[in-house]
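For reference, work_15.tsv is printed below; it contains TSV, C-alpha atoms.
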```
chain	number	residue	atom	x	y	z
V	1	MET	CA	-50.12	21.53	41.42
V	2	SER	CA	-46.80	20.41	42.69
V	3	ALA	CA	-44.01	22.48	44.13
V	4	ILE	CA	-41.44	20.74	41.92
V	5	PRO	CA	-40.52	22.88	38.92
V	6	ALA	CA	-41.26	21.33	35.56
V	7	VAL	CA	-38.20	20.21	33.59
V	8	PRO	CA	-38.54	20.10	29.83
V	9	GLU	CA	-38.84	16.54	28.52
V	10	SER	CA	-35.78	17.00	26.30
V	11	GLU	CA	-33.61	17.29	29.43
V	12	HIS	CA	-34.88	13.95	30.75
V	13	ARG	CA	-33.68	12.05	27.71
V	14	PRO	CA	-29.97	11.42	27.26
V	15	ALA	CA	-28.47	13.44	24.46
V	16	LEU	CA	-28.27	11.47	21.23
V	17	ARG	CA	-25.76	13.85	19.80
V	18	GLU	CA	-22.74	12.47	18.02
V	19	PRO	CA	-19.25	13.25	19.33
V	20	TRP	CA	-17.79	16.62	18.33
V	21	HIS	CA	-15.15	15.10	16.04
V	22	GLN	CA	-17.85	13.33	14.02
V	23	ARG	CA	-19.79	16.58	13.56
V	24	LEU	CA	-16.71	18.06	11.87
V	25	VAL	CA	-16.84	15.49	9.07
V	26	PRO	CA	-19.03	16.65	6.17
V	27	ALA	CA	-21.85	14.25	5.29
V	28	ALA	CA	-20.23	13.58	1.91
V	29	LEU	CA	-17.18	12.10	3.66
V	30	ARG	CA	-18.98	9.85	6.15
V	31	ARG	CA	-17.52	6.38	6.03
V	32	ASP	CA	-20.84	4.82	7.08
V	33	ARG	CA	-22.03	5.44	3.50
V	34	MET	CA	-20.57	3.92	0.34
V	35	ALA	CA	-20.47	7.38	-1.28
V	36	GLY	CA	-18.41	8.70	1.64
V	37	GLN	CA	-16.04	5.76	1.37
V	38	ALA	CA	-15.76	6.30	-2.39
V	39	LEU	CA	-14.99	10.01	-1.93
V	40	ARG	CA	-12.40	9.22	0.74
V	41	PHE	CA	-10.96	6.55	-1.57
V	42	ILE	CA	-10.66	9.10	-4.38
V	43	ILE	CA	-8.87	11.56	-2.08
V	44	VAL	CA	-6.49	8.78	-1.01
V	45	GLY	CA	-6.07	7.92	-4.70
V	46	VAL	CA	-4.98	11.48	-5.46
V	47	VAL	CA	-2.44	11.31	-2.62
V	48	ASN	CA	-1.24	7.91	-3.88
V	49	THR	CA	-0.89	9.27	-7.41
V	50	VAL	CA	1.32	12.05	-6.05
V	51	VAL	CA	3.38	9.43	-4.15
V	52	ASP	CA	3.58	7.27	-7.30
V	53	LEU	CA	4.62	10.17	-9.54
V	54	ALA	CA	7.13	11.56	-7.05
V	55	ALA	CA	8.70	8.14	-6.53
V	56	PHE	CA	8.75	7.54	-10.31
V	57	TYR	CA	10.46	10.87	-10.85
V	58	LEU	CA	13.06	10.25	-8.14
V	59	LEU	CA	13.73	6.70	-9.32
V	60	SER	CA	14.09	7.86	-12.92
V	61	LEU	CA	16.94	10.14	-11.79
V	62	ILE	CA	19.03	7.06	-10.95
V	63	PRO	CA	21.44	6.46	-13.84
V	64	GLY	CA	20.68	3.24	-15.71
V	65	MET	CA	17.27	2.72	-14.01
V	66	PRO	CA	14.89	1.29	-16.63
V	67	GLU	CA	11.64	3.31	-16.77
V	68	ILE	CA	9.50	0.19	-16.47
V	69	VAL	CA	11.27	-0.85	-13.23
V	70	ALA	CA	10.94	2.69	-11.86
V	71	LYS	CA	7.21	2.60	-12.70
V	72	ALA	CA	6.66	-0.79	-11.05
V	73	VAL	CA	8.53	0.24	-7.87
V	74	SER	CA	6.75	3.61	-7.68
V	75	TYR	CA	3.38	1.89	-8.03
V	76	ILE	CA	4.24	-0.56	-5.23
V	77	LEU	CA	5.17	2.38	-2.98
V	78	GLY	CA	1.78	3.87	-3.83
V	79	ILE	CA	0.12	0.56	-2.87
V	80	CYS	CA	1.81	0.62	0.55
V	81	ASN	CA	0.76	4.22	1.13
V	82	SER	CA	-2.74	3.39	-0.05
V	83	PHE	CA	-3.05	0.48	2.36
V	84	PHE	CA	-2.36	2.60	5.43
V	85	LEU	CA	-4.50	5.57	4.38
V	86	ASN	CA	-7.41	3.34	3.37
V	87	LYS	CA	-7.15	1.14	6.45
V	88	TYR	CA	-7.16	4.00	8.94
V	89	TRP	CA	-9.08	6.77	7.15
V	90	THR	CA	-11.26	5.43	4.34
V	91	PHE	CA	-12.61	2.23	5.88
V	92	GLY	CA	-11.90	2.80	9.59
V	93	ALA	CA	-10.23	-0.57	10.11
V	94	GLY	CA	-7.51	0.84	12.38
V	95	GLY	CA	-8.57	-1.22	15.38
V	96	SER	CA	-8.60	-4.44	13.40
V	97	LYS	CA	-6.29	-7.24	14.48
V	98	ARG	CA	-6.24	-8.57	10.90
V	99	GLY	CA	-3.42	-6.35	9.63
V	100	MET	CA	-1.34	-9.01	7.89
V	101	ARG	CA	-4.40	-10.61	6.29
V	102	GLU	CA	-5.67	-7.19	5.19
V	103	PHE	CA	-2.31	-6.25	3.70
V	104	THR	CA	-2.03	-9.58	1.87
V	105	VAL	CA	-5.54	-9.28	0.41
V	106	PHE	CA	-5.04	-5.57	-0.35
V	107	PHE	CA	-1.76	-6.28	-2.12
V	108	GLY	CA	-3.41	-9.17	-4.00
V	109	VAL	CA	-6.26	-6.89	-5.07
V	110	ASN	CA	-3.66	-4.41	-6.34
V	111	LEU	CA	-1.54	-6.90	-8.31
V	112	PRO	CA	-3.79	-6.93	-11.42
V	113	PRO	CA	-3.85	-3.10	-11.50
V	114	LEU	CA	-0.06	-3.14	-11.06
V	115	ALA	CA	0.21	-5.28	-14.19
V	116	VAL	CA	-2.28	-3.05	-16.03
V	117	ASN	CA	-0.40	0.03	-14.83
V	118	VAL	CA	2.93	-1.23	-16.16
V	119	VAL	CA	1.36	-2.44	-19.44
V	120	VAL	CA	-0.43	0.89	-20.00
V	121	PHE	CA	2.80	2.74	-19.24
V	122	THR	CA	4.68	0.54	-21.72
V	123	VAL	CA	2.04	0.86	-24.45
V	124	LEU	CA	1.95	4.63	-24.01
V	125	GLY	CA	5.73	4.55	-24.35
V	126	ILE	CA	5.41	2.75	-27.69
V	127	TRP	CA	2.92	5.32	-28.98
V	128	ILE	CA	4.48	8.42	-27.44
V	129	ASP	CA	8.14	9.37	-27.37
V	130	SER	CA	9.21	9.42	-23.73
V	131	GLY	CA	12.08	11.88	-23.97
V	132	THR	CA	10.79	14.85	-22.01
V	133	PHE	CA	9.96	15.09	-18.33
V	134	TRP	CA	6.31	16.05	-18.95
V	135	VAL	CA	5.72	13.19	-21.40
V	136	ARG	CA	7.15	10.65	-18.95
V	137	MET	CA	5.02	12.09	-16.13
V	138	ALA	CA	1.89	12.10	-18.34
V	139	LYS	CA	2.46	8.43	-19.17
V	140	ALA	CA	2.96	7.61	-15.49
V	141	PHE	CA	-0.19	9.56	-14.55
V	142	GLY	CA	-2.28	7.90	-17.28
V	143	ALA	CA	-1.12	4.49	-16.13
V	144	ALA	CA	-1.89	5.32	-12.47
V	145	VAL	CA	-5.46	6.46	-13.16
V	146	VAL	CA	-6.49	3.29	-15.03
V	147	SER	CA	-7.07	1.13	-11.92
V	148	VAL	CA	-9.16	3.30	-9.55
V	149	ALA	CA	-12.52	1.46	-9.80
V	150	TRP	CA	-10.92	-1.98	-9.40
V	151	ASN	CA	-8.93	-0.83	-6.39
V	152	PHE	CA	-11.96	0.71	-4.64
V	153	LEU	CA	-14.23	-2.31	-5.13
V	154	GLY	CA	-11.49	-4.77	-4.21
V	155	SER	CA	-10.58	-2.79	-1.11
V	156	ARG	CA	-14.19	-2.33	-0.01
V	157	TYR	CA	-15.46	-5.84	-0.69
V	158	LEU	CA	-12.32	-7.90	-0.05
V	159	ALA	CA	-9.56	-6.31	2.04
V	160	PHE	CA	-11.65	-4.19	4.46
V	161	ARG	CA	-15.10	-5.80	4.11
V	162	HIS	CA	-15.33	-6.48	7.86
V	163	THR	CA	-15.54	-2.73	8.57
V	164	ALA	CA	-16.44	-1.15	5.23
V	165	LEU	CA	-19.77	-2.96	4.97
V	166	LYS	CA	-20.92	-2.51	8.55
V	167	GLY	CA	-21.92	1.15	8.26
V	168	ARG	CA	-19.55	2.25	11.00
V	169	SER	CA	-19.58	5.90	11.89
V	170	ASP	CA	-16.47	8.07	11.75
V	171	ASP	CA	-13.88	7.92	14.49
```

Structure translated into structure tokens:
Amino acid sequence: MSAIPAVPESEHRPALREPWHQRLVPAALRRDRMAGQALRFIIVGVVNTVVDLAAFYLLSLIPGMPEIVAKAVSYILGICNSFFLNKYWTFGAGGSKRGMREFTVFFGVNLPPLAVNVVVFTVLGIWIDSGTFWVRMAKAFGAAVVSVAWNFLGSRYLAFRHTALKGRSDD
């Protein structure tokens, strides 16, 4: 027998615990999993839809502003908001030095949905009278929702692929 007290083996090994801020993130929101990225992307999409609708509403208050122009501008503002939230929160690309490239690709990925968004808005305007506030907002919302899958896949596999596909843990 030795005079040295026995230390449990678990105290000899360095702790493999994750940082405290990572433990606060529910497993469903982990960005090291595609499902977590998708859920984060959906949350960002809801925020972007609010930005889009708020901007559309405010722009439509400007006398003489055509609805289609207000819709296009509001969607572009949503794209800009989406870029920053997705870069820093959804895909964890905040430390990337590729900001201009990412924004260019991200904007390019969002151009087809912009066209679809404006076309859907216009077609809904042909089918539905756009006189009331709620009808205009419903058309804008319907047009905004159309492009979610395209935006997620384009963002994940094109704009932020260097971090989104590496299984990075949350920061």

Check your understanding: Quick one, how far is atom CA of V:Thr90 from atom CA of V:Ala38?
Key ->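 Computing it gives 8.1 Å between the two atoms.
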
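In this structure, atom CA of V:Arg40 sits 23.9 Å away from atom CA of V:Phe56.
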
Check your understanding: Quick one: distance from atom CA of V:Met34 to atom CA of V:Thr49 in Å, one decimal?
Key -> 21.8 Å

Check your understanding: Out of V:Leu124, V:Ile43, V:Ala140, V:Val119, which residue has the shortest atom-to-atom distance to V:Ala70 when counting all atoms listed in the file?
Key ->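 When distances to V:Ala70 are compared using all atoms listed in the file, the smallest one comes from V:Ala140.
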
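Using all atoms listed in the file, the shortest contact distance between V:Val135 and any of V:Val73, V:Phe106, V:Ile62, V:Tyr57 is found at V:Tyr57.
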
Practice item. Choose the residue, out of V:Gly125, V:Pro113, V:Pro63, V:Pro26, that has the smallest atom-to-atom separation from V:Tyr75; count only C-alpha atoms. Key: V:Pro113

Review point. Of the candidates V:Trp134, V:Trp127, V:Tyr157, V:Phe41, which one gets nearest to V:Glu102 if we count only C-alpha atoms?
Key: V:Tyr157

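Minimum atom-to-atom distances from V:Val50, V:Leu85, V:Ala93, V:Ala55 to V:Glu67 were compared using all atoms listed in the file, and the lowest value belongs to V:Ala55.
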
Check your understanding: If we count only C-alpha atoms, what is near V:Val44 at a cut-off of 12 Å, once residues fewer than 2 positions away on the same chain are taken out, given as number ranges by chain?
Key -> V: 37-42, 46-52, 78-91, 148, 151-152

Same residues, C-alpha atoms, output as an mmCIF file, in the coordinates of the input:
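Saved as again09.cif:
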```
data_model
loop_
_atom_site.group_PDB
_atom_site.id
_atom_site.type_symbol
_atom_site.label_atom_id
_atom_site.label_comp_id
_atom_site.auth_asym_id
_atom_site.auth_seq_id
_atom_site.Cartn_x
_atom_site.Cartn_y
_atom_site.Cartn_z
ATOM 1 C CA GLN V 37 -16.040 5.760 1.370
ATOM 2 C CA ALA V 38 -15.760 6.300 -2.390
ATOM 3 C CA LEU V 39 -14.990 10.010 -1.930
ATOM 4 C CA ARG V 40 -12.400 9.220 0.740
ATOM 5 C CA PHE V 41 -10.960 6.550 -1.570
ATOM 6 C CA ILE V 42 -10.660 9.100 -4.380
ATOM 7 C CA VAL V 46 -4.980 11.480 -5.460
ATOM 8 C CA VAL V 47 -2.440 11.310 -2.620
ATOM 9 C CA ASN V 48 -1.240 7.910 -3.880
ATOM 10 C CA THR V 49 -0.890 9.270 -7.410
ATOM 11 C CA VAL V 50 1.320 12.050 -6.050
ATOM 12 C CA VAL V 51 3.380 9.430 -4.150
ATOM 13 C CA ASP V 52 3.580 7.270 -7.300
ATOM 14 C CA GLY V 78 1.780 3.870 -3.830
ATOM 15 C CA ILE V 79 0.120 0.560 -2.870
ATOM 16 C CA CYS V 80 1.810 0.620 0.550
ATOM 17 C CA ASN V 81 0.760 4.220 1.130
ATOM 18 C CA SER V 82 -2.740 3.390 -0.050
ATOM 19 C CA PHE V 83 -3.050 0.480 2.360
ATOM 20 C CA PHE V 84 -2.360 2.600 5.430
ATOM 21 C CA LEU V 85 -4.500 5.570 4.380
ATOM 22 C CA ASN V 86 -7.410 3.340 3.370
ATOM 23 C CA LYS V 87 -7.150 1.140 6.450
ATOM 24 C CA TYR V 88 -7.160 4.000 8.940
ATOM 25 C CA TRP V 89 -9.080 6.770 7.150
ATOM 26 C CA THR V 90 -11.260 5.430 4.340
ATOM 27 C CA PHE V 91 -12.610 2.230 5.880
ATOM 28 C CA VAL V 148 -9.160 3.300 -9.550
ATOM 29 C CA ASN V 151 -8.930 -0.830 -6.390
ATOM 30 C CA PHE V 152 -11.960 0.710 -4.640
#
```

Practice item. Find the spatial neighbours of V:Phe121, counting only C-alpha atoms, within a cut-off of 12 Å - ignore same-chain residues fewer than 4 positions away - and output them as a VMD selection string. Key: chain V and resid 56 67 to 72 75 113 to 117 125 to 130 135 to 146

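Of the residues listed (V:Phe160, V:Trp150, V:Gly36, V:Val120), V:Phe160 shows the shortest atom-to-atom separation from V:Lys97; distances use only C-alpha atoms.
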